[in-house]
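Here the structure comes first, spelled out in structure tokens, and everything after it is commentary.
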Amino acid sequence: MGELYAEINPKVEEFIKQQHLFFVATAPVQGRINLSPKGIDTFRVIDARCVAFLNLTGSANETAAHLLSDNRITFMFCSFTAQPWIVRLYGQGRVYHARDSEWSHWLAHFPDLPGKRQVIVADIDLVHSSCGFGVPLMDFQGERQQMLRWAEKKGEEGIRRYWEENNLLSLDGVPTQILP
């Protein structure tokens with residue numbers, strides 16, 4: 001049976017900390033809905049109503065663009081191990097870039113990873129859990145290192161050029177404001 005919570009309780013927080021993978025969903029006012037898998041130790045529960053994730057450089061920049069258009073955001077965590085459970089966090093998100101005065105505050109919650117692009121912070125107004133009985137059992141073998149090695153090899157200037165070429169607009173042409 002599913003349960004609804006007004007905030008992230010200790011049981012939910014512990015479950016989130018145990019997951020190696022989460023999904024983030026956003027959508028602009030008009031346009032495509034985006035759903036992205038995330039990992040690499042980039043999610044934090046800040047308090048019972050606030051979470052943050054470190055958005056690393058990737059092929060698109062949908063989350064940032066969408067949140068600038070419509071700040072709705074949903075996170076989903078599901079267990080692929082013995083405990084069958086799914087948790088969704090619903091809220092309103094905002095985007096912080098390195099040029100923002102709050103950047104250092106939010107970045108301090110994460111390890112220093114190459115390719116950091118934005119910190120996405122969300123105020124959570126609903127937590128929904130469900131059984132997860134239909135989620136398959138799978139074994140975690142480790143984090144993929146390709147993205148981190150790629151970003152490290154590119155260096156800061158190479159990442160900035162990549163942003164200019166690939167991350168300025170969403171798939172629907174919504175600006176991401178990655179660069180001033």
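Starting from 1 in every chain, residues are counted up; chains themselves are A, B, ... following the order of the structure tokens, and ligands are numbered from 1 as listed.
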- Contact residues around Cys78 of chain A with only C-alpha atoms at 8 Å, ignoring same-chain residues under 2 positions, as a VMD selection string: chain A and resid 19 21 to 22 76 80 84 to 87 132 135
- DSSP on the backbone, then: every residue of segment 81-133 of chain A marked alpha helix (DSSP H), written as a PyMOL selection string. chain A and resi 103-107
I need the residues from that last selection saved to file as an mmCIF file, in the first residue's frame (with C-alpha atoms), if you can.
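After the write, part-v9.cif holds the following:
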data_model
loop_
_atom_site.group_PDB
_atom_site.id
_atom_site.type_symbol
_atom_site.label_atom_id
_atom_site.label_comp_id
_atom_site.auth_asym_id
_atom_site.auth_seq_id
_atom_site.Cartn_x
_atom_site.Cartn_y
_atom_site.Cartn_z
ATOM 1 C CA TRP A 103 26.735 28.236 -5.067
ATOM 2 C CA SER A 104 29.411 27.606 -2.438
ATOM 3 C CA HIS A 105 26.830 26.902 0.254
ATOM 4 C CA TRP A 106 25.072 24.239 -1.820
ATOM 5 C CA LEU A 107 28.230 22.825 -3.401
#
- Message: When you look at segment 57-73 of chain A with a cut-off of 7 Å (counting only C-alpha atoms), what residues show up, excluding the ones that are within fewer than 6 positions of it in the same chain? I need them as a list in words.
- Response: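 Near neighbours after the sequence-gap exclusion: Ala25, Thr26, Ala27, Pro28, Val29, Asn34, Tyr90, Gly91, Gln92, Gly93, Arg94, Val95, Gly115, Lys116, Arg117, Asn166, Asn167, Ser170, Val174, Pro175 and Thr176 of chain A.
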- Message: Please return, as an MDAnalysis selection string, all residues of segment 77-106 of chain A that DSSP assigns to strand (DSSP E or B) on the basis of the backbone.
- Response: chainID A and resid 77:78 86:96
- Query: Between atom CA of Phe23 of chain A and atom CA of Leu35 of chain A, what is the distance, to one decimal in Å?
  - Reply: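 About the pair atom CA of Phe23 of chain A and atom CA of Leu35 of chain A: they are 6.6 Å apart.
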- Message: Please list as a list of chain:residue names every residue within 9 Å of His109 of chain A, counting only C-alpha atoms and excluding residues in the same chain fewer than 6 positions away.
- Response: A:Arg44, A:Ile46, A:Ala52, A:Phe53, A:Leu54
For the residues in that selection, give me C-alpha atoms as an mmCIF file, in the first residue's frame.
data_model
loop_
_atom_site.group_PDB
_atom_site.id
_atom_site.type_symbol
_atom_site.label_atom_id
_atom_site.label_comp_id
_atom_site.auth_asym_id
_atom_site.auth_seq_id
_atom_site.Cartn_x
_atom_site.Cartn_y
_atom_site.Cartn_z
ATOM 1 C CA ARG A 44 21.488 14.908 -0.555
ATOM 2 C CA ILE A 46 19.224 18.657 3.395
ATOM 3 C CA ALA A 52 19.644 18.928 -3.476
ATOM 4 C CA PHE A 53 21.540 17.205 -6.228
ATOM 5 C CA LEU A 54 24.746 18.024 -8.026
#
- In terms of the shortest atom-to-atom distance over only C-alpha atoms, which of A:Met147, A:Arg32, A:Glu157, A:Ser129 is closest to Leu171 of chain A?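 Checking each of A:Met147, A:Arg32, A:Glu157, A:Ser129 against Leu171 of chain A, counting only C-alpha atoms, the winner is A:Arg32.
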- Which residue gives the smallest distance to Thr74 of chain A among A:Ser130, A:Thr42, A:Ser36, A:Asn55, with only C-alpha atoms counted?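 The shortest atom-to-atom distance to Thr74 of chain A comes from A:Ser36.
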- Top pick for closest residue to Tyr5 of chain A, considering A:Ser79, A:Ile40, A:His128, A:Arg161 and counting only C-alpha atoms: A:His128
- Task: Have a look at A:Met138, A:Leu113, A:Ile120, A:Ala98 and name the one nearest to Pro180 of chain A; count only C-alpha atoms.
- Result: A:Ala98
- Would you please work out which residue, of A:Ile33, A:Thr81, A:Pro114, A:Val12, is nearest to Gln146 of chain A when using only C-alpha atoms?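 Among A:Ile33, A:Thr81, A:Pro114, A:Val12, it is A:Pro114 that comes nearest to Gln146 of chain A.
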- Task: Pick out the closest residue to Trp150 of chain A from this set: A:Ile178, A:Lys11, A:Leu56, A:Leu137. Count only C-alpha atoms.
- Result: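 Going through A:Ile178, A:Lys11, A:Leu56, A:Leu137 one by one, the smallest distance to Trp150 of chain A is for A:Leu56.
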